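**Q** Structure file data.pdb, PDB, C-alpha atoms, pLDDT in the B column, is pasted below:
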```pdb
ATOM      1  CA  MET A   1     106.553 103.348 126.011  1.00 45.00           C
ATOM      2  CA  LEU A   2     107.242 104.174 122.371  1.00 47.00           C
ATOM      3  CA  ILE A   3     108.923 101.383 120.424  1.00 45.00           C
ATOM      4  CA  GLY A   4     111.093 101.194 117.331  1.00 48.00           C
ATOM      5  CA  THR A   5     114.540 102.120 116.043  1.00 52.00           C
ATOM      6  CA  LEU A   6     115.561 105.763 115.545  1.00 49.00           C
ATOM      7  CA  SER A   7     117.761 106.870 112.656  1.00 51.00           C
ATOM      8  CA  LYS A   8     118.749 110.224 111.141  1.00 51.00           C
ATOM      9  CA  ILE A   9     118.243 110.917 107.439  1.00 49.00           C
ATOM     10  CA  GLU A  10     119.702 113.807 105.455  1.00 49.00           C
ATOM     11  CA  THR A  11     117.185 114.866 102.826  1.00 46.00           C
ATOM     12  CA  GLY A  12     119.748 116.555 100.579  1.00 46.00           C
ATOM     13  CA  ASN A  13     118.132 119.998 100.691  1.00 47.00           C
ATOM     14  CA  GLY A  14     119.741 121.164 103.896  1.00 51.00           C
ATOM     15  CA  GLN A  15     117.072 119.599 106.084  1.00 52.00           C
ATOM     16  CA  ASN A  16     117.312 116.616 108.378  1.00 51.00           C
ATOM     17  CA  ARG A  17     114.659 114.321 109.736  1.00 52.00           C
ATOM     18  CA  ILE A  18     114.719 111.539 112.285  1.00 52.00           C
ATOM     19  CA  VAL A  19     112.565 108.503 111.639  1.00 52.00           C
ATOM     20  CA  ARG A  20     111.340 105.705 113.877  1.00 50.00           C
ATOM     21  CA  THR A  21     111.177 102.324 112.131  1.00 52.00           C
ATOM     22  CA  ILE A  22     108.555  99.916 113.448  1.00 50.00           C
ATOM     23  CA  ASP A  23     107.406  96.684 111.871  1.00 52.00           C
ATOM     24  CA  ARG A  24     103.832  95.467 111.863  1.00 50.00           C
ATOM     25  CA  ASP A  25     104.428  92.732 114.442  1.00 53.00           C
ATOM     26  CA  SER A  26     105.624  95.281 117.004  1.00 51.00           C
ATOM     27  CA  VAL A  27     102.239  96.978 116.886  1.00 45.00           C
ATOM     28  CA  VAL A  28      99.772  94.133 116.533  1.00 47.00           C
ATOM     29  CA  LYS A  29     101.433  91.163 118.251  1.00 49.00           C
ATOM     30  CA  ASN A  30      99.092  91.491 121.244  1.00 44.00           C
ATOM     31  CA  ALA A  31      96.009  92.460 119.271  1.00 43.00           C
ATOM     32  CA  PRO A  32      93.016  90.093 119.509  1.00 40.00           C
ATOM     33  CA  LYS A  33      92.546  87.701 116.612  1.00 43.00           C
ATOM     34  CA  ALA A  34      89.829  88.479 114.114  1.00 38.00           C
ATOM     35  CA  PRO A  35      86.661  86.357 114.219  1.00 36.00           C
ATOM     36  CA  VAL A  36      86.615  83.315 111.960  1.00 34.00           C
ATOM     37  CA  GLY A  37      85.826  84.408 108.419  1.00 33.00           C
ATOM     38  CA  MET A  38      87.014  87.981 109.017  1.00 33.00           C
ATOM     39  CA  GLU A  39      90.776  87.446 109.008  1.00 39.00           C
ATOM     40  CA  SER A  40      93.032  89.797 107.066  1.00 44.00           C
ATOM     41  CA  GLN A  41      93.102  89.062 103.356  1.00 45.00           C
ATOM     42  CA  LYS A  42      96.796  89.969 103.347  1.00 48.00           C
ATOM     43  CA  GLU A  43      97.944  88.452 106.630  1.00 50.00           C
ATOM     44  CA  GLY A  44     101.456  87.869 105.327  1.00 49.00           C
ATOM     45  CA  ALA A  45     102.040  91.442 104.166  1.00 60.00           C
ATOM     46  CA  ASP A  46     105.443  92.840 105.142  1.00 67.00           C
ATOM     47  CA  VAL A  47     104.606  96.133 106.850  1.00 75.00           C
ATOM     48  CA  LYS A  48     107.499  98.339 107.895  1.00 73.00           C
ATOM     49  CA  VAL A  49     106.987 102.022 108.512  1.00 77.00           C
ATOM     50  CA  ASP A  50     109.394 104.910 109.032  1.00 72.00           C
ATOM     51  CA  ASP A  51     107.609 107.367 111.304  1.00 74.00           C
ATOM     52  CA  VAL A  52     109.036 110.861 111.031  1.00 69.00           C
ATOM     53  CA  VAL A  53     109.640 111.807 114.678  1.00 62.00           C
ATOM     54  CA  SER A  54     111.804 114.875 114.069  1.00 65.00           C
ATOM     55  CA  SER A  55     111.693 117.110 111.012  1.00 77.00           C
ATOM     56  CA  ASP A  56     111.789 120.710 109.840  1.00 88.00           C
ATOM     57  CA  THR A  57     108.411 120.211 108.150  1.00 94.00           C
ATOM     58  CA  TYR A  58     105.059 119.145 109.560  1.00 96.00           C
ATOM     59  CA  ILE A  59     101.678 117.864 108.468  1.00 96.00           C
ATOM     60  CA  VAL A  60      98.957 118.350 111.063  1.00 97.00           C
ATOM     61  CA  TYR A  61      95.360 117.206 111.292  1.00 96.00           C
ATOM     62  CA  ARG A  62      93.636 120.199 112.875  1.00 95.00           C
ATOM     63  CA  CYS A  63      90.091 120.606 114.154  1.00 91.00           C
ATOM     64  CA  LYS A  64      89.528 123.748 116.225  1.00 84.00           C
ATOM     65  CA  LYS A  65      85.979 124.681 115.300  1.00 79.00           C
ATOM     66  CA  MET A  66      82.668 123.131 114.292  1.00 72.00           C
ATOM     67  CA  GLY A  67      82.302 121.400 110.953  1.00 77.00           C
ATOM     68  CA  CYS A  68      84.927 118.641 111.210  1.00 86.00           C
ATOM     69  CA  GLY A  69      82.333 115.862 111.118  1.00 83.00           C
ATOM     70  CA  GLY A  70      81.472 113.196 113.665  1.00 83.00           C
ATOM     71  CA  MET A  71      84.084 111.296 115.658  1.00 87.00           C
ATOM     72  CA  ALA A  72      84.341 108.458 113.132  1.00 88.00           C
ATOM     73  CA  ASP A  73      84.779 111.010 110.341  1.00 90.00           C
ATOM     74  CA  ARG A  74      87.523 112.746 112.285  1.00 93.00           C
ATOM     75  CA  LEU A  75      89.386 109.511 112.988  1.00 94.00           C
ATOM     76  CA  ARG A  76      89.154 108.645 109.299  1.00 94.00           C
ATOM     77  CA  GLY A  77      90.664 112.027 108.485  1.00 94.00           C
ATOM     78  CA  MET A  78      93.480 111.521 110.997  1.00 96.00           C
ATOM     79  CA  ILE A  79      94.335 108.131 109.495  1.00 96.00           C
ATOM     80  CA  ASN A  80      94.576 109.556 105.986  1.00 95.00           C
ATOM     81  CA  VAL A  81      96.607 112.592 107.068  1.00 96.00           C
ATOM     82  CA  TYR A  82      98.977 110.210 108.871  1.00 96.00           C
ATOM     83  CA  LEU A  83      99.470 108.243 105.644  1.00 96.00           C
ATOM     84  CA  LEU A  84     100.223 111.522 103.872  1.00 95.00           C
ATOM     85  CA  SER A  85     102.848 112.289 106.519  1.00 95.00           C
ATOM     86  CA  LEU A  86     104.635 109.049 105.641  1.00 93.00           C
ATOM     87  CA  LEU A  87     104.476 109.836 101.931  1.00 92.00           C
ATOM     88  CA  THR A  88     105.769 113.380 102.323  1.00 93.00           C
ATOM     89  CA  GLY A  89     108.390 112.776 105.022  1.00 92.00           C
ATOM     90  CA  ARG A  90     106.753 115.267 107.375  1.00 94.00           C
ATOM     91  CA  LYS A  91     106.304 114.989 111.124  1.00 94.00           C
ATOM     92  CA  PHE A  92     102.696 114.084 111.927  1.00 96.00           C
ATOM     93  CA  GLY A  93     100.653 115.872 114.545  1.00 96.00           C
ATOM     94  CA  ILE A  94      97.065 116.219 115.733  1.00 97.00           C
ATOM     95  CA  ILE A  95      95.483 119.398 117.072  1.00 95.00           C
ATOM     96  CA  HIS A  96      91.943 118.631 118.215  1.00 94.00           C
ATOM     97  CA  SER A  97      90.214 120.901 120.708  1.00 88.00           C
ATOM     98  CA  THR A  98      86.574 120.945 119.551  1.00 84.00           C
ATOM     99  CA  PRO A  99      84.277 120.009 121.220  1.00 83.00           C
ATOM    100  CA  CYS A 100      86.877 118.506 123.576  1.00 86.00           C
ATOM    101  CA  LYS A 101      90.571 117.737 123.743  1.00 91.00           C
ATOM    102  CA  LEU A 102      91.194 114.421 122.018  1.00 93.00           C
ATOM    103  CA  THR A 103      93.846 113.500 124.592  1.00 94.00           C
ATOM    104  CA  GLU A 104      91.165 113.296 127.279  1.00 94.00           C
ATOM    105  CA  TYR A 105      89.978 110.094 125.596  1.00 94.00           C
ATOM    106  CA  LEU A 106      92.801 108.878 123.330  1.00 96.00           C
ATOM    107  CA  GLN A 107      96.529 108.929 124.025  1.00 96.00           C
ATOM    108  CA  PRO A 108      99.490 108.321 121.670  1.00 96.00           C
ATOM    109  CA  ASN A 109     100.465 104.668 121.369  1.00 95.00           C
ATOM    110  CA  THR A 110     103.654 103.962 119.363  1.00 91.00           C
ATOM    111  CA  LEU A 111     103.923 107.463 117.854  1.00 92.00           C
ATOM    112  CA  ASP A 112     103.671 110.715 119.811  1.00 94.00           C
ATOM    113  CA  TRP A 113     101.348 112.867 117.692  1.00 96.00           C
ATOM    114  CA  THR A 114     100.786 115.551 120.320  1.00 95.00           C
ATOM    115  CA  ILE A 115     102.095 118.915 119.231  1.00 93.00           C
ATOM    116  CA  ASP A 116     102.215 122.369 120.790  1.00 91.00           C
ATOM    117  CA  GLU A 117     100.697 124.744 118.273  1.00 90.00           C
ATOM    118  CA  LYS A 118     102.744 127.603 119.707  1.00 92.00           C
ATOM    119  CA  SER A 119     105.919 125.762 118.689  1.00 92.00           C
ATOM    120  CA  LEU A 120     104.832 126.154 115.049  1.00 94.00           C
ATOM    121  CA  GLU A 121     104.409 129.922 115.237  1.00 93.00           C
ATOM    122  CA  GLY A 122     106.736 131.784 112.896  1.00 94.00           C
ATOM    123  CA  LYS A 123     106.888 128.926 110.398  1.00 96.00           C
ATOM    124  CA  SER A 124     105.337 129.262 106.949  1.00 96.00           C
ATOM    125  CA  SER A 125     102.037 127.384 106.742  1.00 96.00           C
ATOM    126  CA  GLU A 126      99.215 126.410 104.412  1.00 96.00           C
ATOM    127  CA  ASN A 127      95.682 125.182 105.100  1.00 95.00           C
ATOM    128  CA  HIS A 128      93.805 122.494 103.177  1.00 94.00           C
ATOM    129  CA  ASN A 129      90.161 121.503 103.501  1.00 92.00           C
ATOM    130  CA  PHE A 130      89.718 117.881 102.406  1.00 90.00           C
ATOM    131  CA  LEU A 131      86.223 117.509 103.875  1.00 88.00           C
ATOM    132  CA  GLU A 132      84.141 115.201 101.668  1.00 83.00           C
ATOM    133  CA  LYS A 133      87.040 115.040  99.206  1.00 77.00           C
ATOM    134  CA  LYS A 134      88.083 111.500  98.362  1.00 74.00           C
ATOM    135  CA  LYS A 135      90.362 112.476  95.494  1.00 83.00           C
ATOM    136  CA  LEU A 136      93.783 113.978  96.135  1.00 88.00           C
ATOM    137  CA  PRO A 137      94.835 117.130  94.252  1.00 90.00           C
ATOM    138  CA  SER A 138      98.038 115.465  93.001  1.00 92.00           C
ATOM    139  CA  ASN A 139      99.584 112.030  92.479  1.00 92.00           C
ATOM    140  CA  ASP A 140     102.874 113.360  93.871  1.00 94.00           C
ATOM    141  CA  MET A 141     101.962 114.726  97.280  1.00 94.00           C
ATOM    142  CA  ALA A 142     105.613 114.952  98.351  1.00 90.00           C
ATOM    143  CA  THR A 143     106.045 117.917  95.990  1.00 93.00           C
ATOM    144  CA  TYR A 144     102.500 119.305  96.249  1.00 95.00           C
ATOM    145  CA  PHE A 145     102.872 120.864  99.699  1.00 94.00           C
ATOM    146  CA  LYS A 146     105.215 123.870  99.726  1.00 94.00           C
ATOM    147  CA  LYS A 147     105.141 125.369 103.229  1.00 95.00           C
ATOM    148  CA  GLU A 148     106.885 124.223 106.401  1.00 96.00           C
ATOM    149  CA  VAL A 149     103.610 123.420 108.154  1.00 97.00           C
ATOM    150  CA  VAL A 150     100.594 121.890 106.407  1.00 97.00           C
ATOM    151  CA  TYR A 151      97.273 121.982 108.274  1.00 96.00           C
ATOM    152  CA  ILE A 152      94.562 119.636 107.013  1.00 95.00           C
ATOM    153  CA  VAL A 153      90.990 118.995 108.060  1.00 93.00           C
ATOM    154  CA  SER A 154      89.504 115.868 106.503  1.00 92.00           C
ATOM    155  CA  ASN A 155      86.724 113.360 107.028  1.00 91.00           C
ATOM    156  CA  ALA A 156      87.122 111.353 103.824  1.00 87.00           C
ATOM    157  CA  ASP A 157      88.631 107.980 103.022  1.00 92.00           C
ATOM    158  CA  MET A 158      91.359 108.771 100.493  1.00 92.00           C
ATOM    159  CA  THR A 159      93.268 105.489 100.738  1.00 92.00           C
ATOM    160  CA  ASN A 160      92.483 104.415  97.172  1.00 91.00           C
ATOM    161  CA  TYR A 161      93.937 107.664  95.831  1.00 92.00           C
ATOM    162  CA  ILE A 162      96.873 107.605  98.237  1.00 94.00           C
ATOM    163  CA  ARG A 163      97.691 104.145  96.841  1.00 94.00           C
ATOM    164  CA  ARG A 164      98.087 105.751  93.393  1.00 94.00           C
ATOM    165  CA  ASP A 165     100.672 108.286  94.558  1.00 95.00           C
ATOM    166  CA  LYS A 166     103.963 107.901  92.702  1.00 94.00           C
ATOM    167  CA  GLY A 167     105.857 107.609  95.989  1.00 93.00           C
ATOM    168  CA  VAL A 168     103.945 104.575  97.281  1.00 94.00           C
ATOM    169  CA  PRO A 169     105.957 101.798  95.531  1.00 93.00           C
ATOM    170  CA  LYS A 170     109.168 103.004  97.185  1.00 92.00           C
ATOM    171  CA  ILE A 171     107.951 104.489 100.476  1.00 91.00           C
ATOM    172  CA  LEU A 172     104.772 102.547 101.330  1.00 92.00           C
ATOM    173  CA  PRO A 173     104.725  99.346  99.235  1.00 92.00           C
ATOM    174  CA  TRP A 174     102.669  97.571 101.916  1.00 92.00           C
ATOM    175  CA  LEU A 175      99.806 100.003 101.272  1.00 92.00           C
ATOM    176  CA  ASN A 176      98.915  97.995  98.171  1.00 92.00           C
ATOM    177  CA  GLN A 177      99.251  94.700 100.038  1.00 91.00           C
ATOM    178  CA  LEU A 178      96.626  95.404 102.698  1.00 93.00           C
ATOM    179  CA  THR A 179      92.885  95.855 102.498  1.00 93.00           C
ATOM    180  CA  THR A 180      91.503  99.236 103.513  1.00 93.00           C
ATOM    181  CA  ALA A 181      90.147  97.672 106.717  1.00 93.00           C
ATOM    182  CA  ASP A 182      93.605  96.295 107.575  1.00 94.00           C
ATOM    183  CA  ILE A 183      95.207  99.684 106.918  1.00 94.00           C
ATOM    184  CA  TYR A 184      92.744 101.357 109.261  1.00 95.00           C
ATOM    185  CA  LYS A 185      93.298  98.786 112.004  1.00 93.00           C
ATOM    186  CA  PHE A 186      97.072  99.015 111.670  1.00 93.00           C
ATOM    187  CA  VAL A 187      97.099 102.822 111.834  1.00 95.00           C
ATOM    188  CA  LEU A 188      94.544 103.038 114.653  1.00 95.00           C
ATOM    189  CA  ASP A 189      96.579 100.580 116.750  1.00 93.00           C
ATOM    190  CA  ARG A 190      99.700 102.551 115.928  1.00 93.00           C
ATOM    191  CA  LEU A 191      98.360 105.985 116.801  1.00 96.00           C
ATOM    192  CA  PHE A 192      95.947 105.508 119.679  1.00 96.00           C
ATOM    193  CA  LYS A 193      95.351 103.860 123.014  1.00 96.00           C
ATOM    194  CA  PRO A 194      92.606 104.685 125.547  1.00 95.00           C
ATOM    195  CA  SER A 195      93.371 107.340 128.132  1.00 96.00           C
ATOM    196  CA  ASP A 196      93.369 106.228 131.775  1.00 95.00           C
ATOM    197  CA  MET A 197      89.893 107.687 132.225  1.00 95.00           C
ATOM    198  CA  MET A 198      88.616 105.949 129.101  1.00 94.00           C
ATOM    199  CA  LYS A 199      90.198 102.639 130.088  1.00 95.00           C
ATOM    200  CA  GLN A 200      88.495 102.790 133.476  1.00 95.00           C
ATOM    201  CA  GLU A 201      85.139 103.261 131.764  1.00 94.00           C
ATOM    202  CA  ILE A 202      85.842 100.392 129.348  1.00 91.00           C
ATOM    203  CA  ASP A 203      86.906  98.071 132.179  1.00 94.00           C
ATOM    204  CA  LYS A 204      83.818  99.032 134.174  1.00 94.00           C
ATOM    205  CA  PHE A 205      81.559  98.310 131.210  1.00 91.00           C
ATOM    206  CA  GLN A 206      83.233  94.977 130.455  1.00 90.00           C
ATOM    207  CA  ALA A 207      82.853  93.969 134.102  1.00 93.00           C
ATOM    208  CA  GLU A 208      79.115  94.680 133.869  1.00 91.00           C
ATOM    209  CA  VAL A 209      78.826  92.619 130.686  1.00 90.00           C
ATOM    210  CA  GLY A 210      80.709  89.703 132.215  1.00 91.00           C
ATOM    211  CA  ASN A 211      80.538  86.484 130.202  1.00 90.00           C
ATOM    212  CA  ARG A 212      77.317  87.402 128.459  1.00 90.00           C
ATOM    213  CA  LYS A 213      77.221  87.798 124.691  1.00 88.00           C
ATOM    214  CA  LEU A 214      77.585  91.449 123.743  1.00 85.00           C
ATOM    215  CA  ILE A 215      75.782  92.894 120.723  1.00 86.00           C
ATOM    216  CA  CYS A 216      76.407  96.576 119.958  1.00 82.00           C
ATOM    217  CA  ALA A 217      74.323  99.000 117.923  1.00 80.00           C
ATOM    218  CA  HIS A 218      75.111 102.558 116.897  1.00 72.00           C
ATOM    219  CA  TYR A 219      72.152 104.933 117.127  1.00 71.00           C
ATOM    220  CA  ARG A 220      72.695 108.239 115.368  1.00 66.00           C
ATOM    221  CA  MET A 221      70.306 110.595 117.124  1.00 67.00           C
ATOM    222  CA  GLY A 222      71.262 113.735 115.200  1.00 65.00           C
ATOM    223  CA  LYS A 223      71.310 117.389 116.250  1.00 67.00           C
ATOM    224  CA  ASN A 224      74.386 116.992 118.419  1.00 68.00           C
ATOM    225  CA  PRO A 225      75.355 120.428 119.809  1.00 70.00           C
ATOM    226  CA  SER A 226      78.768 120.097 118.136  1.00 64.00           C
ATOM    227  CA  MET A 227      77.108 119.167 114.804  1.00 65.00           C
ATOM    228  CA  PRO A 228      74.140 121.548 114.429  1.00 67.00           C
ATOM    229  CA  TYR A 229      73.511 120.576 110.788  1.00 67.00           C
ATOM    230  CA  ASP A 230      73.514 116.828 111.388  1.00 67.00           C
ATOM    231  CA  LEU A 231      70.567 114.774 110.142  1.00 65.00           C
ATOM    232  CA  VAL A 232      68.028 113.331 112.564  1.00 62.00           C
ATOM    233  CA  GLU A 233      68.312 109.861 111.090  1.00 56.00           C
ATOM    234  CA  ILE A 234      66.644 107.978 113.942  1.00 51.00           C
ATOM    235  CA  GLN A 235      63.359 109.801 113.260  1.00 51.00           C
ATOM    236  CA  VAL A 236      63.590 108.888 109.578  1.00 45.00           C
ATOM    237  CA  ALA A 237      64.089 105.249 110.565  1.00 44.00           C
ATOM    238  CA  LYS A 238      60.958 105.346 112.737  1.00 45.00           C
ATOM    239  CA  LYS A 239      58.898 106.608 109.811  1.00 45.00           C
ATOM    240  CA  ILE A 240      60.205 103.852 107.549  1.00 42.00           C
ATOM    241  CA  TYR A 241      59.717 100.998 109.997  1.00 41.00           C
TER
END
```
In structure tokens, write the structure found in this file.
**A**
Amino acid sequence: MLIGTLSKIETGNGQNRIVRTIDRDSVVKNAPKAPVGMESQKEGADVKVDDVVSSDTYIVYRCKKMGCGGMADRLRGMINVYLLSLLTGRKFGIIHSTPCKLTEYLQPNTLDWTIDEKSLEGKSSENHNFLEKKKLPSNDMATYFKKEVVYIVSNADMTNYIRRDKGVPKILPWLNQLTTADIYKFVLDRLFKPSDMMKQEIDKFQAEVGNRKLICAHYRMGKNPSMPYDLVEIQVAKKIY
């Protein structure tokens, strides 16, 4: 169930948007506590966000073909595009169909980011490739985008440059009160929850682990079919060690 308070805002240019206001506690009150020594550096930050849930303009993270990066890269891009949606007052959406539909594994949590691409047909649009770009093209992103629908593909962490946007002090003051890690955790908790299929797999795995200590390692094998130009880093590691 989506949470928060809905309100209608007139933008003054003939357009209206409806926002959902949610405070930080509503999202993270049931989240597990961080390990000792890894607590948030800004635990007392006052985080209140107006999600744009209805608008005449959109900003959409879109990945429909190869070359969007690995899954972590894609999630990083989604987080940064979401922050841009807050800055620009645009409705946020995700279109991800390559190499699979994202909704098979992750479902919306407090914000419904699913969007029917056909519903955007007929609207003016522009495409932006922010892959490997950590610097934004403007420090006033609210006026940078001109079309009704903005499609972005990104794999870069742009939070430091988003913090410098002229709209942040008024729209997202908490962005400068949180560490980058806290921003990522807050947004990930806000946007995603495991799908039923994914949750079953997680529960099954946790049952197998039981009360034993769990240590995880990420092996990047390379040459994934969906990333044909990826490096074979595990072979490099074998040569070194």
**Q** Evaluated on this file, the PyMOL selection byres ((chain A and resi 150) around 8) picks out some residues - which ones are they, written as number ranges by chain?
**A** A: 58-60, 125-128, 145, 147-149, 151-152
**Q** If you measure from CA of Tyr61 (chain A) to CA of Ile94 (chain A), what distance in Å do you get, rounded to one decimal?
**A** 4.9 Å
**Q** Please enumerate the residues selected by the PyMOL selection byres ((chain A and resi 102) around 12) when evaluated against the supplied file, formatted as a ChimeraX atom specification.
**A** /A:61-64,71,74-75,78,94-101,103-108,113-114,192-195,198
**Q** For Asp165 (chain A), which residue among A:Lys135, A:Arg90, A:Lys118, A:Arg190 is the nearest when counting all atoms listed in the file?
**A**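 Of A:Lys135, A:Arg90, A:Lys118, A:Arg190, the one nearest Asp165 (chain A) is A:Lys135, counting all atoms listed in the file.
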**Q** Using all atoms listed in the file, which of A:Gln206, A:Pro169, A:Arg164, A:Thr159 sits nearest Asp182 (chain A)?
**A**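 Comparing A:Gln206, A:Pro169, A:Arg164, A:Thr159 against Asp182 (chain A), the winner is A:Thr159.
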**Q** Between CA of Leu84 (chain A) and CA of Met141 (chain A), what distance in Å does the model show, to one decimal?
**A**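 Calculated distance between CA of Leu84 (chain A) and CA of Met141 (chain A) is 7.5 Å.
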**Q** Do you have the CA of Glu132 (chain A)-CA of Gly70 (chain A) distance handy?
**A**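 Computing it gives 12.5 Å between the two atoms.
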**Q** Could you tell me which of A:Lys213, A:Lys166, A:Lys48, A:Arg76 comes closest to Tyr184 (chain A) if we count only C-alpha atoms?
**A**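 Looking only at the distances to Tyr184 (chain A), the closest residue turns out to be A:Arg76.
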**Q** Check what the PyMOL selection byres ((chain A and resi 112) around 8) selects in the file above and give those residues as a list of chain:residue names.
**A**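 After applying the PyMOL selection byres ((chain A and resi 112) around 8), what remains is A:Leu2, A:Val53, A:Gly93, A:Pro108, A:Asn109, A:Thr110, A:Leu111, A:Trp113, A:Thr114, A:Leu191.
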**Q** Using all atoms of region 191-197 of chain A that appear in the file, construct an axis-aligned enclosing box with 8 Å of padding on every side and provide its centre coordinates and edge lengths in Å, rounded to one decimal, as AutoDock Vina command-line options.
**A**
```
--center_x 94.1 --center_y 105.8 --center_z 124.5 --size_x 24.5 --size_y 19.8 --size_z 31.4
```
**Q** May I ask which of the residues A:Tyr144, A:Phe205, A:Trp174, A:Phe130 is the closest one to Val81 (chain A), counting only C-alpha atoms?
**A** A:Phe130
**Q** Around (102.2, 112.4, 101.0) in the file's frame, which residues reach within 8 Å when counting all atoms listed in the file? Return as a list in words?
**A**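 Within 8 Å of (102.2, 112.4, 101.0), the protein and nucleic acid residues are Leu83, Leu84, Ser85, Leu86, Leu87, Thr88, Gly89, Asp140, Met141, Ala142, Ile162, Asp165 and Gly167 of chain A.
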